[in-house]
>>> print(open('model09.txt').read())   # compact mmCIF, C-alpha atoms
# COMPACT_ATOMS: atom_id res chain seq x y z
CA MET A 1 192.36 33.67 -80.25
CA GLU A 2 193.19 36.35 -77.73
CA ASN A 3 194.46 35.23 -74.37
CA LYS A 4 192.72 37.74 -72.18
CA VAL A 5 189.04 37.92 -71.67
CA LYS A 6 187.04 41.09 -71.75
CA LEU A 7 184.02 40.46 -69.57
CA GLN A 8 182.48 43.36 -67.67
CA GLN A 9 184.55 44.02 -64.59
CA VAL A 10 182.04 43.30 -61.88
CA LEU A 11 183.02 42.26 -58.38
CA PRO A 12 181.47 38.90 -57.39
CA ASP A 13 179.39 40.58 -54.67
CA GLU A 14 178.08 43.08 -57.20
CA ILE A 15 176.93 40.51 -59.77
CA GLU A 16 173.88 39.45 -57.80
CA LYS A 17 172.93 43.05 -57.07
CA ARG A 18 173.22 44.03 -60.71
CA SER A 19 171.30 40.93 -61.79
CA PHE A 20 168.39 41.86 -59.54
CA GLU A 21 168.47 45.40 -60.97
CA ILE A 22 168.18 44.01 -64.49
CA ILE A 23 165.32 41.73 -63.42
CA SER A 24 163.53 44.71 -61.81
CA GLN A 25 163.94 46.75 -64.99
CA GLU A 26 162.54 43.99 -67.17
CA ILE A 27 159.62 43.35 -64.85
CA GLY A 28 158.80 47.03 -65.14
CA ASN A 29 155.63 48.29 -63.53
CA VAL A 30 154.12 44.96 -62.45
CA LYS A 31 152.88 45.39 -58.85
CA LEU A 32 154.17 42.68 -56.56
CA ASP A 33 153.47 42.01 -52.89
CA PRO A 34 156.53 43.31 -51.02
CA LEU A 35 157.14 39.99 -49.22
CA GLU A 36 156.56 37.92 -52.36
CA GLU A 37 158.69 40.12 -54.62
CA PRO A 38 162.14 38.94 -53.41
CA ILE A 39 161.02 35.32 -53.80
CA ILE A 40 159.73 35.80 -57.34
CA LYS A 41 162.86 37.73 -58.31
CA ARG A 42 165.20 35.10 -56.88
CA VAL A 43 163.41 32.39 -58.85
CA ILE A 44 163.82 34.45 -62.03
CA HIS A 45 167.46 35.01 -61.05
CA THR A 46 168.03 31.26 -60.76
CA SER A 47 166.23 30.37 -64.01
CA ALA A 48 166.40 33.48 -66.24
CA ASP A 49 162.78 32.59 -66.90
CA PHE A 50 160.26 35.41 -66.54
CA ASP A 51 157.37 32.93 -66.79
CA TYR A 52 157.64 32.66 -63.00
CA LEU A 53 156.23 36.16 -62.74
CA GLU A 54 152.92 34.54 -63.73
CA ASN A 55 153.38 30.96 -62.55
CA LEU A 56 154.40 31.49 -58.95
CA VAL A 57 151.34 31.62 -56.71
CA PHE A 58 151.17 32.19 -52.96
CA SER A 59 148.40 31.32 -50.53
CA PRO A 60 147.35 34.39 -48.50
CA GLY A 61 150.17 35.34 -46.10
CA ALA A 62 152.40 32.44 -47.19
CA ALA A 63 155.56 34.54 -47.44
CA GLU A 64 155.10 35.97 -43.94
CA LEU A 65 154.20 32.59 -42.41
CA ALA A 66 157.27 31.11 -44.10
CA MET A 67 159.47 33.73 -42.48
CA GLU A 68 157.91 33.07 -39.07
CA ALA A 69 158.68 29.36 -39.46
CA VAL A 70 162.27 30.06 -40.52
CA VAL A 71 163.07 32.26 -37.53
CA LYS A 72 161.63 29.55 -35.26
CA GLY A 73 164.27 27.19 -36.66
CA ALA A 74 162.04 25.22 -39.02
CA THR A 75 163.41 22.05 -40.57
CA ILE A 76 163.48 22.19 -44.37
CA VAL A 77 162.64 18.86 -46.00
CA THR A 78 163.57 18.36 -49.66
CA ASP A 79 162.78 15.58 -52.11
CA THR A 80 166.21 15.66 -53.81
CA ASN A 81 169.81 15.90 -52.73
CA MET A 82 170.14 18.50 -55.45
CA ALA A 83 167.66 20.87 -53.78
CA MET A 84 169.36 20.24 -50.45
CA ALA A 85 172.73 21.11 -52.05
CA GLY A 86 171.33 24.40 -53.33
CA ILE A 87 169.99 25.68 -49.99
CA ASN A 88 172.26 27.99 -48.01
CA LYS A 89 172.97 25.82 -44.98
CA LYS A 90 174.73 28.57 -43.03
CA ALA A 91 171.59 30.67 -43.29
CA VAL A 92 169.40 27.79 -42.08
CA GLU A 93 171.71 27.05 -39.17
CA LYS A 94 171.72 30.70 -38.14
CA PHE A 95 168.13 30.20 -36.98
CA GLY A 96 168.79 26.79 -35.44
CA GLY A 97 167.21 24.96 -38.37
CA ARG A 98 168.52 22.18 -40.60
CA VAL A 99 167.93 20.77 -44.08
CA VAL A 100 167.12 17.09 -44.55
CA CYS A 101 166.51 14.78 -47.49
CA PHE A 102 165.56 11.20 -46.76
CA MET A 103 165.40 10.00 -50.39
CA ALA A 104 168.57 7.90 -50.22
CA ASP A 105 167.86 6.38 -46.78
CA GLU A 106 167.76 2.60 -46.59
CA ASP A 107 164.55 2.54 -44.48
CA VAL A 108 162.84 4.78 -47.06
CA ARG A 109 163.84 2.43 -49.86
CA ALA A 110 162.51 -0.54 -47.89
CA SER A 111 159.19 1.08 -46.95
CA ALA A 112 158.61 2.30 -50.52
CA LYS A 113 159.09 -1.26 -51.72
CA ALA A 114 156.84 -2.70 -49.02
CA ASP A 115 154.06 -0.16 -49.71
CA GLY A 116 154.40 -0.24 -53.51
CA THR A 117 154.97 3.49 -53.58
CA THR A 118 157.80 5.83 -54.59
CA ARG A 119 160.81 6.64 -52.46
CA ALA A 120 159.69 10.28 -52.64
CA ALA A 121 156.33 9.42 -51.05
CA ALA A 122 157.98 7.19 -48.43
CA SER A 123 160.48 9.94 -47.60
CA MET A 124 157.60 12.34 -46.92
CA LYS A 125 156.07 9.83 -44.51
CA LYS A 126 159.38 9.59 -42.68
CA ALA A 127 159.57 13.39 -42.56
CA ALA A 128 156.12 13.61 -40.98
CA ALA A 129 157.73 12.50 -37.70
CA ILE A 130 159.92 15.62 -37.51
CA GLU A 131 159.36 17.68 -34.35
CA GLY A 132 158.67 21.40 -34.62
CA PRO A 133 157.81 23.50 -37.67
CA ALA A 134 158.67 22.01 -41.06
CA ILE A 135 158.89 23.48 -44.54
CA PHE A 136 158.53 20.94 -47.35
CA ALA A 137 160.43 22.05 -50.46
CA ILE A 138 159.44 19.75 -53.32
CA GLY A 139 161.17 20.41 -56.65
CA ASN A 140 160.99 17.03 -58.28
CA ALA A 141 158.41 14.42 -57.30
CA PRO A 142 154.66 14.88 -57.75
CA THR A 143 154.23 11.73 -55.66
CA ALA A 144 155.82 13.61 -52.75
CA LEU A 145 153.11 16.27 -53.05
CA ALA A 146 150.42 13.57 -53.27
CA ALA A 147 151.77 11.93 -50.09
CA LEU A 148 151.74 15.30 -48.31
CA TYR A 149 148.17 15.91 -49.47
CA GLU A 150 147.03 12.55 -48.11
CA MET A 151 148.64 13.08 -44.71
CA ILE A 152 147.14 16.58 -44.47
CA ALA A 153 143.68 15.23 -45.42
CA GLU A 154 144.03 12.48 -42.80
CA GLY A 155 145.00 15.05 -40.21
CA THR A 156 148.41 13.50 -39.52
CA LEU A 157 150.52 16.39 -40.85
CA ARG A 158 150.39 20.19 -40.47
CA PRO A 159 153.47 21.61 -42.22
CA ALA A 160 154.33 25.29 -41.78
CA LEU A 161 154.68 25.68 -45.56
CA ILE A 162 154.70 23.59 -48.72
CA ILE A 163 156.88 24.75 -51.58
CA GLY A 164 155.32 22.82 -54.46
CA VAL A 165 157.49 23.27 -57.52
CA PRO A 166 158.10 19.90 -59.18
CA VAL A 167 158.94 20.09 -62.87
CA GLY A 168 157.61 17.74 -65.49
CA PHE A 169 155.02 16.29 -67.77
CA VAL A 170 153.23 13.52 -65.87
CA ASN A 171 151.05 14.26 -62.81
CA VAL A 172 152.99 17.45 -62.05
CA VAL A 173 150.27 19.97 -62.86
CA GLU A 174 147.64 17.90 -61.02
CA ALA A 175 149.77 17.37 -57.90
CA LYS A 176 150.39 21.10 -57.58
CA GLU A 177 146.67 21.85 -57.90
CA LEU A 178 146.01 19.34 -55.10
CA ILE A 179 148.27 21.23 -52.71
CA MET A 180 146.40 24.43 -53.54
CA LYS A 181 143.20 22.78 -52.28
CA THR A 182 144.57 22.33 -48.76
CA ASP A 183 144.45 24.92 -45.97
CA ILE A 184 148.24 24.73 -45.58
CA PRO A 185 150.32 27.79 -46.58
CA TYR A 186 151.88 27.16 -49.98
CA ILE A 187 154.09 28.59 -52.67
CA VAL A 188 153.41 26.75 -55.92
CA ALA A 189 154.75 27.09 -59.47
CA ARG A 190 151.59 26.43 -61.45
CA GLY A 191 152.00 24.41 -64.59
CA ARG A 192 154.86 22.21 -65.68
CA LYS A 193 157.79 24.34 -64.70
CA GLY A 194 159.85 24.26 -61.52
CA GLY A 195 162.72 22.12 -60.33
CA SER A 196 165.17 21.53 -57.52
CA ASN A 197 166.90 24.79 -58.36
CA VAL A 198 163.61 26.67 -58.05
CA ALA A 199 162.83 24.96 -54.73
CA ALA A 200 166.26 25.93 -53.39
CA ALA A 201 165.93 29.51 -54.67
CA ILE A 202 162.59 29.95 -52.87
CA CYS A 203 164.08 28.64 -49.61
CA ASN A 204 167.09 30.93 -49.93
CA ALA A 205 164.92 33.97 -50.71
CA ILE A 206 162.91 33.36 -47.53
CA LEU A 207 166.07 32.78 -45.48
CA TYR A 208 167.66 36.00 -46.78
CA GLN A 209 164.51 38.01 -46.07
CA CYS A 210 164.83 36.85 -42.47
CA GLY A 211 168.41 38.15 -42.37
CA GLY A 212 170.01 34.74 -42.87
CA ARG A 213 172.83 36.08 -45.02
CA GLU A 214 173.96 39.06 -42.96
CA MET B 1 138.74 17.52 -48.71
CA GLU B 2 138.95 13.94 -49.92
CA ASN B 3 141.59 11.72 -48.39
CA LYS B 4 142.64 9.80 -51.44
CA VAL B 5 144.42 11.26 -54.38
CA LYS B 6 143.53 10.54 -57.96
CA LEU B 7 146.69 11.04 -59.93
CA GLN B 8 147.24 8.99 -63.06
CA GLN B 9 148.43 5.55 -62.06
CA VAL B 10 151.86 5.50 -63.61
CA LEU B 11 154.68 3.32 -62.33
CA PRO B 12 157.76 5.32 -61.38
CA ASP B 13 159.79 3.70 -64.16
CA GLU B 14 157.09 4.62 -66.66
CA ILE B 15 156.95 8.31 -65.75
CA GLU B 16 160.19 9.20 -67.46
CA LYS B 17 159.27 7.19 -70.55
CA ARG B 18 155.89 8.87 -70.83
CA SER B 19 157.43 12.30 -70.23
CA PHE B 20 159.80 11.80 -73.13
CA GLU B 21 156.89 10.70 -75.32
CA ILE B 22 155.05 13.92 -74.48
CA ILE B 23 158.18 15.97 -75.23
CA SER B 24 158.57 14.18 -78.58
CA GLN B 25 154.94 14.89 -79.46
CA GLU B 26 155.26 18.57 -78.63
CA ILE B 27 158.52 18.93 -80.55
CA GLY B 28 156.72 17.48 -83.55
CA ASN B 29 158.57 17.35 -86.84
CA VAL B 30 161.68 19.27 -85.88
CA LYS B 31 164.67 17.35 -87.23
CA LEU B 32 167.32 16.72 -84.60
CA ASP B 33 170.73 15.08 -84.86
CA PRO B 34 170.27 11.55 -83.44
CA LEU B 35 173.10 11.94 -80.92
CA GLU B 36 172.02 15.44 -79.87
CA GLU B 37 168.34 14.57 -79.58
CA PRO B 38 168.48 12.68 -76.25
CA ILE B 39 170.50 15.52 -74.74
CA ILE B 40 168.07 18.22 -75.88
CA LYS B 41 165.10 16.16 -74.71
CA ARG B 42 166.59 15.50 -71.29
CA VAL B 43 167.22 19.22 -70.80
CA ILE B 44 163.59 19.91 -71.69
CA HIS B 45 162.59 17.09 -69.33
CA THR B 46 164.50 18.71 -66.47
CA SER B 47 163.21 22.24 -67.12
CA ALA B 48 159.85 21.85 -68.92
CA ASP B 49 161.24 24.65 -71.07
CA PHE B 50 161.08 24.13 -74.83
CA ASP B 51 163.30 27.17 -75.41
CA TYR B 52 166.21 24.74 -75.18
CA LEU B 53 165.17 23.33 -78.53
CA GLU B 54 166.57 26.56 -79.97
CA ASN B 55 169.11 27.58 -77.33
CA LEU B 56 171.17 24.43 -77.05
CA VAL B 57 174.03 24.46 -79.55
CA PHE B 58 176.65 21.81 -80.21
CA SER B 59 180.05 22.15 -81.85
CA PRO B 60 180.42 19.65 -84.72
CA GLY B 61 180.64 16.11 -83.34
CA ALA B 62 180.42 17.28 -79.69
CA ALA B 63 177.89 14.64 -78.64
CA GLU B 64 179.99 11.82 -80.09
CA LEU B 65 183.24 13.17 -78.64
CA ALA B 66 181.53 13.50 -75.26
CA MET B 67 180.52 9.85 -75.38
CA GLU B 68 184.07 8.82 -76.28
CA ALA B 69 185.37 10.75 -73.27
CA VAL B 70 182.79 9.20 -70.94
CA VAL B 71 183.62 5.62 -71.89
CA LYS B 72 187.31 6.40 -71.33
CA GLY B 73 186.40 7.27 -67.73
CA ALA B 74 186.51 11.05 -68.04
CA THR B 75 186.42 13.12 -64.87
CA ILE B 76 183.44 15.46 -64.74
CA VAL B 77 184.25 18.84 -63.15
CA THR B 78 181.36 21.01 -61.97
CA ASP B 79 181.24 24.56 -60.66
CA THR B 80 178.55 23.87 -58.04
CA ASN B 81 177.81 21.16 -55.51
CA MET B 82 174.27 21.31 -56.84
CA ALA B 83 175.31 20.17 -60.32
CA MET B 84 177.49 17.48 -58.75
CA ALA B 85 174.48 16.31 -56.69
CA GLY B 86 172.38 16.01 -59.85
CA ILE B 87 174.78 13.83 -61.83
CA ASN B 88 174.20 10.07 -61.69
CA LYS B 89 177.34 8.96 -59.86
CA LYS B 90 176.69 5.25 -60.40
CA ALA B 91 176.67 5.86 -64.14
CA VAL B 92 179.94 7.81 -63.99
CA GLU B 93 181.63 5.15 -61.88
CA LYS B 94 180.51 2.42 -64.29
CA PHE B 95 183.07 3.81 -66.74
CA GLY B 96 185.73 4.38 -64.08
CA GLY B 97 185.09 8.10 -63.96
CA ARG B 98 184.29 10.45 -61.09
CA VAL B 99 182.64 13.80 -60.46
CA VAL B 100 184.49 16.57 -58.66
CA CYS B 101 183.68 20.09 -57.51
CA PHE B 102 186.46 22.11 -55.92
CA MET B 103 184.39 25.21 -55.11
CA ALA B 104 184.34 24.65 -51.34
CA ASP B 105 188.02 23.64 -51.05
CA GLU B 106 190.14 25.68 -48.69
CA ASP B 107 193.06 25.99 -51.17
CA VAL B 108 190.62 27.30 -53.80
CA ARG B 109 189.30 29.92 -51.41
CA ALA B 110 192.87 30.98 -50.58
CA SER B 111 194.06 31.18 -54.18
CA ALA B 112 190.95 33.10 -55.26
CA LYS B 113 191.68 35.64 -52.54
CA ALA B 114 195.38 35.83 -53.43
CA ASP B 115 194.65 36.30 -57.16
CA GLY B 116 191.67 38.65 -56.68
CA THR B 117 189.47 36.30 -58.67
CA THR B 118 186.36 34.19 -58.00
CA ARG B 119 186.35 30.79 -56.34
CA ALA B 120 184.80 29.46 -59.53
CA ALA B 121 187.77 30.65 -61.59
CA ALA B 122 190.25 29.35 -59.01
CA SER B 123 188.48 25.97 -58.93
CA MET B 124 188.90 25.68 -62.71
CA LYS B 125 192.64 26.32 -62.34
CA LYS B 126 192.84 23.56 -59.75
CA ALA B 127 190.89 21.24 -62.08
CA ALA B 128 193.36 21.88 -64.91
CA ALA B 129 195.78 19.55 -63.12
CA ILE B 130 193.44 16.55 -63.48
CA GLU B 131 195.00 13.63 -65.37
CA GLY B 132 193.15 12.07 -68.30
CA PRO B 133 190.10 13.33 -70.19
CA ALA B 134 187.96 15.91 -68.41
CA ILE B 135 184.47 17.24 -69.06
CA PHE B 136 183.78 20.67 -67.56
CA ALA B 137 180.09 21.09 -66.71
CA ILE B 138 179.50 24.75 -65.84
CA GLY B 139 175.95 25.65 -64.82
CA ASN B 140 176.52 28.69 -62.68
CA ALA B 141 179.63 30.83 -62.99
CA PRO B 142 180.53 32.81 -66.11
CA THR B 143 183.92 33.43 -64.47
CA ALA B 144 184.54 29.67 -64.62
CA LEU B 145 184.02 29.78 -68.40
CA ALA B 146 186.30 32.82 -68.66
CA ALA B 147 189.01 30.97 -66.70
CA LEU B 148 188.66 27.94 -69.01
CA TYR B 149 188.88 30.21 -72.06
CA GLU B 150 192.09 31.79 -70.80
CA MET B 151 193.76 28.45 -70.07
CA ILE B 152 192.75 27.12 -73.49
CA ALA B 153 194.09 30.26 -75.19
CA GLU B 154 197.36 29.95 -73.27
CA GLY B 155 197.63 26.29 -74.32
CA THR B 156 197.59 24.97 -70.75
CA LEU B 157 194.25 23.13 -70.96
CA ARG B 158 192.62 20.82 -73.53
CA PRO B 159 189.34 19.58 -72.05
CA ALA B 160 187.44 16.79 -73.82
CA LEU B 161 184.23 18.85 -73.63
CA ILE B 162 182.90 22.05 -72.13
CA ILE B 163 179.26 22.13 -71.10
CA GLY B 164 178.70 25.88 -70.92
CA VAL B 165 175.28 26.51 -69.43
CA PRO B 166 175.51 29.16 -66.70
CA VAL B 167 172.28 31.00 -66.04
CA GLY B 168 172.03 34.70 -65.40
CA PHE B 169 172.06 38.31 -66.33
CA VAL B 170 175.64 39.57 -65.97
CA ASN B 171 178.46 38.31 -68.23
CA VAL B 172 176.62 35.03 -68.87
CA VAL B 173 175.79 35.55 -72.56
CA GLU B 174 179.30 36.86 -73.27
CA ALA B 175 181.09 34.03 -71.44
CA LYS B 176 179.17 31.41 -73.42
CA GLU B 177 180.01 33.11 -76.71
CA LEU B 178 183.70 33.07 -75.69
CA ILE B 179 183.64 29.27 -75.30
CA MET B 180 182.10 28.99 -78.76
CA LYS B 181 185.19 30.74 -80.19
CA THR B 182 187.54 28.00 -79.00
CA ASP B 183 188.36 24.81 -80.90
CA ILE B 184 187.26 22.69 -77.90
CA PRO B 185 184.10 20.56 -78.27
CA TYR B 186 181.22 22.32 -76.54
CA ILE B 187 177.57 22.12 -75.67
CA VAL B 188 176.32 25.62 -74.87
CA ALA B 189 172.91 27.03 -73.90
CA ARG B 190 173.02 30.30 -75.80
CA GLY B 191 171.49 33.28 -74.04
CA ARG B 192 170.67 33.75 -70.39
CA LYS B 193 169.15 30.40 -69.59
CA GLY B 194 170.78 27.32 -68.12
CA GLY B 195 171.65 26.27 -64.59
CA SER B 196 173.13 23.52 -62.47
CA ASN B 197 170.11 21.34 -63.23
CA VAL B 198 170.69 21.79 -66.97
CA ALA B 199 174.40 20.99 -66.59
CA ALA B 200 173.55 17.81 -64.68
CA ALA B 201 170.88 16.80 -67.20
CA ILE B 202 173.33 17.11 -70.09
CA CYS B 203 175.90 14.97 -68.25
CA ASN B 204 173.28 12.33 -67.45
CA ALA B 205 171.99 12.26 -71.03
CA ILE B 206 175.51 11.58 -72.30
CA LEU B 207 176.11 8.93 -69.62
CA TYR B 208 172.82 7.16 -70.43
CA GLN B 209 173.57 7.19 -74.17
CA CYS B 210 176.78 5.35 -73.32
CA GLY B 211 174.75 2.71 -71.45
CA GLY B 212 175.52 4.11 -68.00
CA ARG B 213 172.08 3.32 -66.62
CA GLU B 214 171.64 -0.26 -67.79
>>> encode(input="model09.txt", output="structure tokens")
Amino acid sequence: MENKVKLQQVLPDEIEKRSFEIISQEIGNVKLDPLEEPIIKRVIHTSADFDYLENLVFSPGAAELAMEAVVKGATIVTDTNMAMAGINKKAVEKFGGRVVCFMADEDVRASAKADGTTRAAASMKKAAAIEGPAIFAIGNAPTALAALYEMIAEGTLRPALIIGVPVGFVNVVEAKELIMKTDIPYIVARGRKGGSNVAAAICNAILYQCGGRE
Amino acid sequence: MENKVKLQQVLPDEIEKRSFEIISQEIGNVKLDPLEEPIIKRVIHTSADFDYLENLVFSPGAAELAMEAVVKGATIVTDTNMAMAGINKKAVEKFGGRVVCFMADEDVRASAKADGTTRAAASMKKAAAIEGPAIFAIGNAPTALAALYEMIAEGTLRPALIIGVPVGFVNVVEAKELIMKTDIPYIVARGRKGGSNVAAAICNAILYQCGGRE
């Protein structure tokens, strides 16, 4: 076994740039909306899964509306600590925003138990009280999307954007389709795929397009 | 728009069970090692990506050796806060273990700068000083795997297990192949795919096989 490793000598800052070049090459001539393109590419970058070229769907103007919300200091609400951990907090704070996840809160646990629902659904109800624009980034729980749908249908919630990318095999496909029936701007990964990493990647792509990383 | 949502009525505890049943059905007759099977299925559960049925490779006995390390209270070292966030800490603590990620530590930042290397590589060097068995769960940085390889080749590190599942397009494939040349037990996602979510899922699968969730 040799002691020294012969990986390509690429500076850390260059790795992301080169990765995006490779993704662009492999995508080839597919025409993408210029505001959606960096989001789709960052999701492929985070997953190495080109299925997202097909799966990721945007309501009309969603990418632009998302950017408007970010620069107004929107709060980003996640349904997992993992998604929260993956979002670039410095970039969020640059615009006066913050990232919150109420899943582990004691009051959320108690109200989920009292209502016979999931903590994910209860955490969405808690998040509905947030002042100002809010982006809901859901990478895990279809019940969180169902709770959002119900509050939107009741007229008690008007989020700036829903990122609907739970992953899984039970109720996931259906919950995403529900969100696509609302009149709320959305970015949804149709089908089973998604995850907390995908939710975080979409948030970061939007933040970086707004200049959050400069 | 109707107010009430008609998702399948599945209790939260049942969702995971049913998801695994669906995964088993779709895998069909593929023969899996009984100790590797729950790990492969949990990775598919976390990604909805059946490619892992092919991609996920185990050194001989890796799953069993991983379980032995866990019940001895192994420290789990991650290369992202996101992977750390995804690991079931209660399960780790049940065996007297802990999860650490040194990426954001000030001394790691300083030593990376001094050595002209990445924080990921520097954080692995810091982790080499951990007492007792250690499991390295790498979902992001190929440079972390390269640093582990070098320390193993030099004889300064003998981890109990390396989970080598970075995702990406630059140096990722090569870094995983390097780990597979060592004599250290490994679980590797060959190719470009992987991620912090995959690293966390593998850790949780091993923990749950040891009874960490009961």
>>> closest_residue(input="model09.txt", among="A:Val188, A:Ala120, A:Ala85, A:Ala127", to="chain B", atoms="all atoms listed in the file")
A:Ala85
>>> interface_residues(input="model09.txt", of="chain B", to="chain A", cutoff="8 Å", atoms="all atoms listed in the file", output="ChimeraX atom specification")
/B:1-5,7-8,12,15,18-19,22,45-49,81-83,85-86,118,146,149-150,153-154,167-171,174-175,181-182,192-197
>>> atom_distance(input="model09.txt", atom1="atom CA of B:Tyr186", atom2="atom CA of A:Phe50")
26.7 Å
>>> closest_residue(input="model09.txt", among="B:Ile163, B:Lys126, B:Leu53, B:Asn204", to="B:Gly28", atoms="only C-alpha atoms")
B:Leu53
>>> atom_distance(input="model09.txt", atom1="atom CA of A:Phe95", atom2="atom CA of A:Leu35")
19.1 Å
>>> residues_around(input="model09.txt", residues="A:Ile187", least_positions_apart="4", cutoff="8 Å", atoms="all atoms listed in the file", output="PyMOL selection string")
chain A and resi 56-59+62+161-165
>>> atom_distance(input="model09.txt", atom1="atom CA of A:Gly132", atom2="atom CA of A:Ile76")
10.9 Å
>>> axis_aligned_box(input="model09.txt", around="stretch 50-62 of chain B", padding_each_side="3 Å", output="lines of an AutoDock Vina configuration file")
center_x = 170.9
center_y = 21.8
center_z = -79.8
size_x = 25.6
size_y = 17.5
size_z = 15.9
>>> residues_around(input="model09.txt", residues="A:Glu54", least_positions_apart="6", cutoff="10 Å", atoms="all atoms listed in the file", output="PDB file with C-alpha atoms, keeping the file's coordinate frame")
ATOM      1  CA  ILE A  40     159.730  35.800 -57.340  1.00  0.00           C
ATOM      2  CA  ALA A 189     154.750  27.090 -59.470  1.00  0.00           C
ATOM      3  CA  ARG A 190     151.590  26.430 -61.450  1.00  0.00           C
TER       4      ARG A 190
END
